[in-house]
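Worksheet for the structure shown next.
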Amino acid sequence: MSEHMKRRSFLGALAAAGVGSQLGVSDQAVAVGSGGNGKLEELKITKAEILQLTGKNKRRVLYLKLHSNADAVGLYGPIDSEAAMLVDRFFKRGLIGQDPLAGEAYWDQMFRASRHSRGSHYMMALSAVDNALWDLRGRYFGLPVYRLLGGSRKNVRAYASCLGFSQEPSALQAKARQLKSQGYRHQKWFVRDRGPSHGPEGVEADVEVVRLLRGAVGDDVDLMFDAFWKWDLQYALAWTRRAEQYRPRWIEEPFQTANLDAFIELSRETSIPVATGEHFYGRWDVHKFLKADAIMVVQADPEWCGGISELVKMCTLASVHGVNVIPHGHSIHAALHVVASQPVEVCPLVEYLIQKMESYYHFEKHQPRPVNGMLELSERPGFGIELDESKIADVRAVSWQQT
Ligand SMILES: [Mg+2]
C-alpha cells in the first residue's frame with residue numbers, strides 16, 4: 001500500500017469513528033510541500049485547541065493543535081495538564097492571527113507578557129506552543145523539524161534511563177547486562193532512595209550500586225547516576241570521593257537547581273562531571289551555571305525550558321563553554337529533533353526512559369523505539385506525529401476558560 005493510500009485509509013477510519021472532525025486531520029492537512037505556494041506572508045494561525053484523547057483503555061492524554069489558513073496544522077503532545085491549562089487560558093486567544101513562521105518575535109513577546117514568565121508552568125505552556133509551532137512549520141514545508149533546524153543526523157544514540165528497575169543486587173546486575181546486550185552503551189541509574197539522613201551507611205549503599213553496575217557491564221559501558229536532588233554537599237562529596245574509582249560519566253542533580261553554590265563546590269572537588277538542568281527555564285538559567293563552571297552537562301527539557309527554540313539557544317551557549325547538552329527525557333519528540341540538529345560534540349545522546357516510553361506514546365502510530373541503542377529520525381514532516389485512530393475512543397477539545 002502506498003503512503004498516500006495508507007493515509008487515506010487512516011483518514012477514512014477516523015471519519016468512520018466520528019473523530020476526524022475533532023482531530024481536524026484531512027488529506028490537505030497532512031499534505032506535504034504546501035509551503036511552495038509562494039504565499040508565506042499570508043500564513044496565519046486560525047485556531048488553537050487542546051485536544052483530550054481518551055483511549056479504548058480509558059487512558060487520557062492532551063495534545064495541543066494549531067490550525068492555520070494553509071494546508072497545515074501543528075500538533076504536539078502529550079502535553080502536561082499544567083501547560084495545557086495555561087495555554088488555554090493565557091496563550092490561546094493571542095495565537096489567533098499570529099504568523100507561525102515568526103517564532104522568535106512571538107517567543108519574546110510572550111516572555112514579556114507576564115511578570116511570572118521566568119519559569120515553571122508558564123514556561124511549560126510557552127514550550128508547548130513553541131513546539132507545536134515547529135511542527136506546523138515542518139508540515140507546512142514538508143520537512144522534519146530537525147532538518148528545519150539545520151540538522152543532518154539520521155540517527156541518534158540513546159542512553160538507557162533506568163528509572164523504576166529493581167536495585168536488588170542480582171536483578172540490578174542482570175538488567176544492566178541485558179541492556180548492554182541490547183546495544184545500550186550508556187545507562188543511567190538512580191541513587192535517590194537515600195540521602196543525608198542515612199549517614200555514612202547511605203553513602204556506602206549508594207557507592208555499592210555503582211560498584212555492582214561496573215562489575216556487571218565492564219569498562220565499555222558509560223554509567224550515569226541521578227540523585228533526584230536528594231543530597232546535600234557533604235553527602236555528595238562523600239559519594240563522589242568513593243565512586244570516582246568506578247568512573248561514572250556523570251552525577252546528575254545531586255541538589256535542587258536553586259543551590260548553585262553547591263554545584264560549583266562539588267564540580268571543583270570531583271573529577272566526575274556534574275549534570276543538571278531538567279528544571280532550567282530559559283537561557284539565563286543555563287548561562288548562570290555555565291559561567292560559574294558549575295556543570296559539564298546541561299539537561300534542559302524542551303517541554304519545560306521554553307521549547308525547541310530555547311533549547312537550541314542553550315546548545316549554542318553550551319558549545320561556547322565546551323559543555324554537552326543531553327536533554328531531559330520526560331518525553332522525546334522535541335529532544336530528539338534538537339539533538340539530531342546539533343553536532344555530536346555538543347549533543348552526543350538523547351535520554352530514553354525505558355519504562356515510561358513503553359506506553360507514553362500509546363496514541364501514536366510511530367512510537368520512538370531504539371534499535372541497538374540508536375533512535376532513527378524519520379522523514380515525516382514536523383515531528384512525524386500521526387495519531388492512531390484504532391486506539392482512540394473519544395477526541396474532544398477541552399477548555400478551562402469557565403473554571
Ligand atoms: Mg534527572
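Letters A, B, ... mark the chains of the C-alpha cells in the order given; residue numbers begin at 1 per chain; ligand numbers begin at 1, in order shown.
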Give the residues close to ligand 1, within 7 Å, counting only C-alpha atoms and all ligand atoms; write them as a VMD selection string.
chain A and resid 226 228 252 to 253 278 328
Selection to disk with C-alpha atoms, as a short mmCIF file (atom, residue, chain, number, x, y, z; two decimals), in the first residue's frame:
data_model
loop_
_atom_site.label_atom_id
_atom_site.label_comp_id
_atom_site.auth_asym_id
_atom_site.auth_seq_id
_atom_site.Cartn_x
_atom_site.Cartn_y
_atom_site.Cartn_z
CA ASP A 226 20.82 10.55 39.14
CA PHE A 228 16.96 13.32 42.11
CA GLU A 252 23.00 14.23 37.99
CA GLU A 253 21.01 16.63 40.15
CA GLU A 278 15.77 19.49 33.77
CA HIS A 328 15.96 15.53 29.89
#
Do a neighbour search on Leu172 (chain A) at 8 Å with only C-alpha atoms, toss out local chain neighbours closer than 6 positions, and write the hits as a VMD selection string.
chain A and resid 165 to 166 212 to 213
Name the residues in contact with Leu66 (chain A) at a cut-off of 6 Å, using only C-alpha atoms, excluding same-chain residues fewer than 6 positions from it; report them as a CSV table (one decimal) with N, CA and C atoms, in the first residue's frame.
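File produced: result38.csv:
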chain,number,residue,atom,x,y,z
A,47,LYS,N,-6.7,28.9,14.7
A,47,LYS,CA,-7.4,28.4,15.9
A,47,LYS,C,-6.4,27.6,16.7
A,48,ALA,N,-6.5,27.6,18.0
A,48,ALA,CA,-5.6,26.8,18.8
A,48,ALA,C,-6.6,26.0,19.7
A,73,VAL,N,-1.3,21.9,9.9
A,73,VAL,CA,-1.6,22.1,11.3
A,73,VAL,C,-0.3,21.9,12.1
A,74,GLY,N,-0.3,22.3,13.3
A,74,GLY,CA,0.8,22.0,14.2
A,74,GLY,C,0.2,21.1,15.3
One decimal, in Å: what's the spacing between CA of Glu303 (chain A) and CA of Pro327 (chain A)?
10.0 Å
Could you write out, as an MDAnalysis selection string, all the residues of region 175-310 of chain A that DSSP marks as alpha helix (DSSP H)?
chainID A and resid 175:181 199:217 233:243 260:269 283:291 308:310
Set out as a Markdown table a contact list for region 136-177 of chain A and region 345-364 of chain A with a cut-off of 12 Å, giving each residue of region 136-177 of chain A that qualifies its closest atom pair and distance in Å to one decimal, counting only C-alpha atoms, ordered by chain and rising residue number.
| residue | atom | partner | partner_atom | distance |
| --- | --- | --- | --- | --- |
| A:Gly151 | CA | A:Cys347 | CA | 11.7 |
| A:Arg153 | CA | A:Pro348 | CA | 11.1 |
| A:Asn155 | CA | A:Leu349 | CA | 10.3 |
| A:Val156 | CA | A:Leu349 | CA | 6.6 |
| A:Arg157 | CA | A:Leu349 | CA | 5.2 |
| A:Ala158 | CA | A:Val350 | CA | 4.8 |
| A:Tyr159 | CA | A:Glu351 | CA | 5.2 |
| A:Ala160 | CA | A:Tyr352 | CA | 5.4 |
| A:Ser161 | CA | A:Leu353 | CA | 4.6 |
| A:Cys162 | CA | A:Ile354 | CA | 6.4 |
| A:Leu163 | CA | A:Leu353 | CA | 6.9 |
| A:Gly164 | CA | A:Gln355 | CA | 7.1 |
| A:Phe165 | CA | A:Gln355 | CA | 8.3 |
| A:Ser166 | CA | A:Gln355 | CA | 11.9 |
| A:Lys175 | CA | A:Ile354 | CA | 11.7 |
Writing out the chosen residues with C-alpha atoms as a short mmCIF file (atom, residue, chain, number, x, y, z; two decimals), in the first residue's frame:
data_model
loop_
_atom_site.label_atom_id
_atom_site.label_comp_id
_atom_site.auth_asym_id
_atom_site.auth_seq_id
_atom_site.Cartn_x
_atom_site.Cartn_y
_atom_site.Cartn_z
CA GLY A 151 20.43 19.12 11.18
CA ARG A 153 21.94 13.30 11.62
CA ASN A 155 20.01 8.65 13.94
CA VAL A 156 21.00 9.50 17.46
CA ARG A 157 22.46 7.36 20.20
CA ALA A 158 20.05 6.82 23.10
CA TYR A 159 21.02 6.19 26.67
CA ALA A 160 19.00 3.77 28.74
CA SER A 161 17.38 5.61 31.62
CA CYS A 162 16.60 3.00 34.22
CA LEU A 163 14.00 4.65 36.45
CA GLY A 164 11.81 2.07 38.16
CA PHE A 165 14.00 -1.00 37.81
CA SER A 166 14.82 -3.10 40.85
CA LYS A 175 19.13 -5.75 33.93
#
With distances taken over only C-alpha atoms, which of A:Asp301, A:Pro343, A:Cys315, A:Tyr281 is nearest to Gly329 (chain A)?
A:Asp301
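Take the candidates A:Gln401, A:Ser181, A:Ser120, A:Ser331 and check each one against Phe280 (chain A) using only C-alpha atoms; the shortest distance goes to A:Ser120.
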DSSP-assigned strand (DSSP E) members of region 37-281 of chain A, reported as a PyMOL selection string:
chain A and resi 45-55+60-68+73-76+155-161+186-190+222-226+250-252+274-276
Just-selected residues, C-alpha atoms written as a compact mmCIF listing (two decimals), in the first residue's frame:
# COMPACT_ATOMS: atom_id res chain seq x y z
CA ILE A 45 -2.87 30.76 12.84
CA THR A 46 -6.64 30.50 12.80
CA LYS A 47 -7.39 28.36 15.85
CA ALA A 48 -5.64 26.78 18.82
CA GLU A 49 -7.18 23.95 20.77
CA ILE A 50 -6.31 21.45 23.44
CA LEU A 51 -7.43 18.00 22.37
CA GLN A 52 -8.20 15.42 25.00
CA LEU A 53 -7.78 11.90 23.67
CA THR A 54 -9.44 9.08 25.58
CA GLY A 55 -8.29 5.62 24.77
CA ARG A 60 -6.36 10.12 28.71
CA VAL A 61 -3.79 12.50 27.26
CA LEU A 62 -3.70 16.06 25.96
CA TYR A 63 -2.29 17.33 22.65
CA LEU A 64 -2.01 20.93 21.50
CA LYS A 65 -3.24 21.55 17.98
CA LEU A 66 -2.73 24.74 15.99
CA HIS A 67 -4.73 25.34 12.83
CA SER A 68 -3.64 27.68 10.06
CA VAL A 73 -1.61 22.10 11.30
CA GLY A 74 0.76 21.95 14.24
CA LEU A 75 0.32 19.06 16.63
CA TYR A 76 2.33 18.41 19.77
CA ASN A 155 20.01 8.65 13.94
CA VAL A 156 21.00 9.50 17.46
CA ARG A 157 22.46 7.36 20.20
CA ALA A 158 20.05 6.82 23.10
CA TYR A 159 21.02 6.19 26.67
CA ALA A 160 19.00 3.77 28.74
CA SER A 161 17.38 5.61 31.62
CA HIS A 186 25.19 4.24 28.20
CA GLN A 187 22.98 3.56 31.19
CA LYS A 188 21.66 5.88 33.85
CA TRP A 189 20.70 4.52 37.23
CA PHE A 190 19.07 6.22 40.17
CA ASP A 222 29.18 4.50 30.43
CA LEU A 223 27.33 4.63 33.75
CA MET A 224 25.49 7.72 34.92
CA PHE A 225 23.78 8.35 38.25
CA ASP A 226 20.82 10.55 39.14
CA TRP A 250 28.14 11.99 35.40
CA ILE A 251 26.35 12.59 38.68
CA GLU A 252 23.00 14.23 37.99
CA VAL A 274 28.25 17.15 37.33
CA ALA A 275 24.97 17.38 35.43
CA THR A 276 21.71 19.22 35.90
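Counting only C-alpha atoms, the residue from A:Tyr122, A:Ala318, A:Glu244, A:Tyr140 that sits nearest to Asp80 (chain A) is A:Tyr122.
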As an exercise, work out the distance from CA of Arg380 (chain A) to CA of Ile308 (chain A) in Å and give it to one decimal place.
17.9 Å
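With CA of His366 (chain A) on one side and CA of Asn69 (chain A) on the other, the separation reads 26.9 Å.
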Among listed residues A:Glu208, A:Ala113, A:Trp231, A:Ala171, nearest Asp193 (chain A) (using only C-alpha atoms)
A:Trp231
Test item: residues at most 8 Å from region 255-265 of chain A, only C-alpha atoms, excluding those fewer than 4 positions along its chain, as a list in words
Ala227, Phe228, Trp229, Lys230, Trp231, Asp232, Leu233, Glu269, Val274, Thr276, Gly277, His279, Phe280, Phe289, Ala292, Asp293, Ala294 and Ile295 of chain A
File of the preceding selection, C-alpha atoms, as a compact mmCIF listing (two decimals), in the first residue's frame:
# COMPACT_ATOMS: atom_id res chain seq x y z
CA ALA A 227 20.31 11.60 42.77
CA PHE A 228 16.96 13.32 42.11
CA TRP A 229 18.08 16.41 44.11
CA LYS A 230 18.02 14.36 47.35
CA TRP A 231 21.56 15.03 48.58
CA ASP A 232 23.46 17.83 50.29
CA LEU A 233 27.06 18.88 49.65
CA GLU A 269 36.09 18.93 44.24
CA VAL A 274 28.25 17.15 37.33
CA THR A 276 21.71 19.22 35.90
CA GLY A 277 19.12 21.24 34.06
CA HIS A 279 14.47 22.39 35.85
CA PHE A 280 16.16 25.13 33.85
CA PHE A 289 25.57 27.71 35.70
CA ALA A 292 30.27 29.63 37.16
CA ASP A 293 31.76 26.34 35.82
CA ALA A 294 29.10 24.57 37.88
CA ILE A 295 28.24 21.72 35.47
So which residues touch Leu43 (chain A) within 10 Å, counting only C-alpha atoms, skipping near sequence neighbours fewer than 4 positions away, as a VMD selection string?
chain A and resid 35 39 68 to 72 97 to 101 140
Could you dump the residues just selected with N, CA and C atoms as a compact mmCIF listing (two decimals), in the first residue's frame?
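What ended up in result04.txt:
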# COMPACT_ATOMS: atom_id res chain seq x y z
N GLY A 35 4.30 24.51 1.40
CA GLY A 35 5.00 25.78 1.55
C GLY A 35 5.44 26.37 0.23
N LYS A 39 3.10 31.98 -0.76
CA LYS A 39 2.25 32.92 -0.02
C LYS A 39 2.64 32.95 1.45
N SER A 68 -4.07 26.50 10.82
CA SER A 68 -3.64 27.68 10.06
C SER A 68 -4.55 27.86 8.86
N ASN A 69 -4.35 28.98 8.19
CA ASN A 69 -5.15 29.22 6.99
C ASN A 69 -4.56 28.50 5.77
N ALA A 70 -3.48 27.75 6.00
CA ALA A 70 -2.90 26.97 4.92
C ALA A 70 -3.20 25.49 5.19
N ASP A 71 -2.68 24.65 4.32
CA ASP A 71 -2.98 23.22 4.46
C ASP A 71 -2.03 22.57 5.46
N ALA A 72 -1.91 23.11 6.62
CA ALA A 72 -1.00 22.53 7.60
C ALA A 72 -1.50 22.84 9.00
N GLY A 97 -4.20 34.70 14.47
CA GLY A 97 -3.66 35.76 13.62
C GLY A 97 -2.14 35.84 13.62
N GLN A 98 -1.48 35.10 14.54
CA GLN A 98 -0.02 35.11 14.57
C GLN A 98 0.55 34.41 13.34
N ASP A 99 1.70 34.89 12.92
CA ASP A 99 2.43 34.26 11.83
C ASP A 99 3.26 33.12 12.42
N PRO A 100 2.95 31.87 12.08
CA PRO A 100 3.68 30.75 12.70
C PRO A 100 5.15 30.68 12.32
N LEU A 101 5.56 31.42 11.31
CA LEU A 101 6.99 31.44 10.95
C LEU A 101 7.76 32.45 11.80
N TYR A 140 4.13 22.39 7.07
CA TYR A 140 3.92 23.38 6.00
C TYR A 140 4.96 23.22 4.90
At a cut-off of 9 Å, using only C-alpha atoms, what residues contact Arg214 (chain A)? Leave out same-chain residues fewer than 5 positions from it and give the result as a PyMOL selection string.
chain A and resi 173+209+219+221-223+246-248
File of the preceding selection, C-alpha atoms, as a tab-separated table (two decimals), in the first residue's frame:
chain	number	residue	atom	x	y	z
A	173	GLN	CA	23.20	-6.59	37.53
A	209	VAL	CA	25.15	0.44	43.45
A	219	ASP	CA	34.56	-0.97	31.21
A	221	VAL	CA	29.57	0.98	29.08
A	222	ASP	CA	29.18	4.50	30.43
A	223	LEU	CA	27.33	4.63	33.75
A	246	TYR	CA	34.29	3.36	39.04
A	247	ARG	CA	34.43	6.24	36.51
A	248	PRO	CA	30.79	7.43	36.33
Which is closer to Glu82 (chain A) than all the others in A:Thr316, A:Gln245, A:Ser127, A:Ser197, using only C-alpha atoms?
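With only C-alpha atoms as the atom set, the closest residue is A:Ser127.
Nearest-residue note for Lys391 (chain A): choosing from A:Arg59, A:Val371, A:Gly119, A:Leu126, the minimum distance belongs to A:Arg59, counting only C-alpha atoms.
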Would you pick out the contacts of Met124 (chain A) at 7 Å or less, using only C-alpha atoms, so that residues sharing its chain but fewer than 4 positions from it are not included, and give the list as number ranges by chain?
A: 83, 120, 128, 303-306
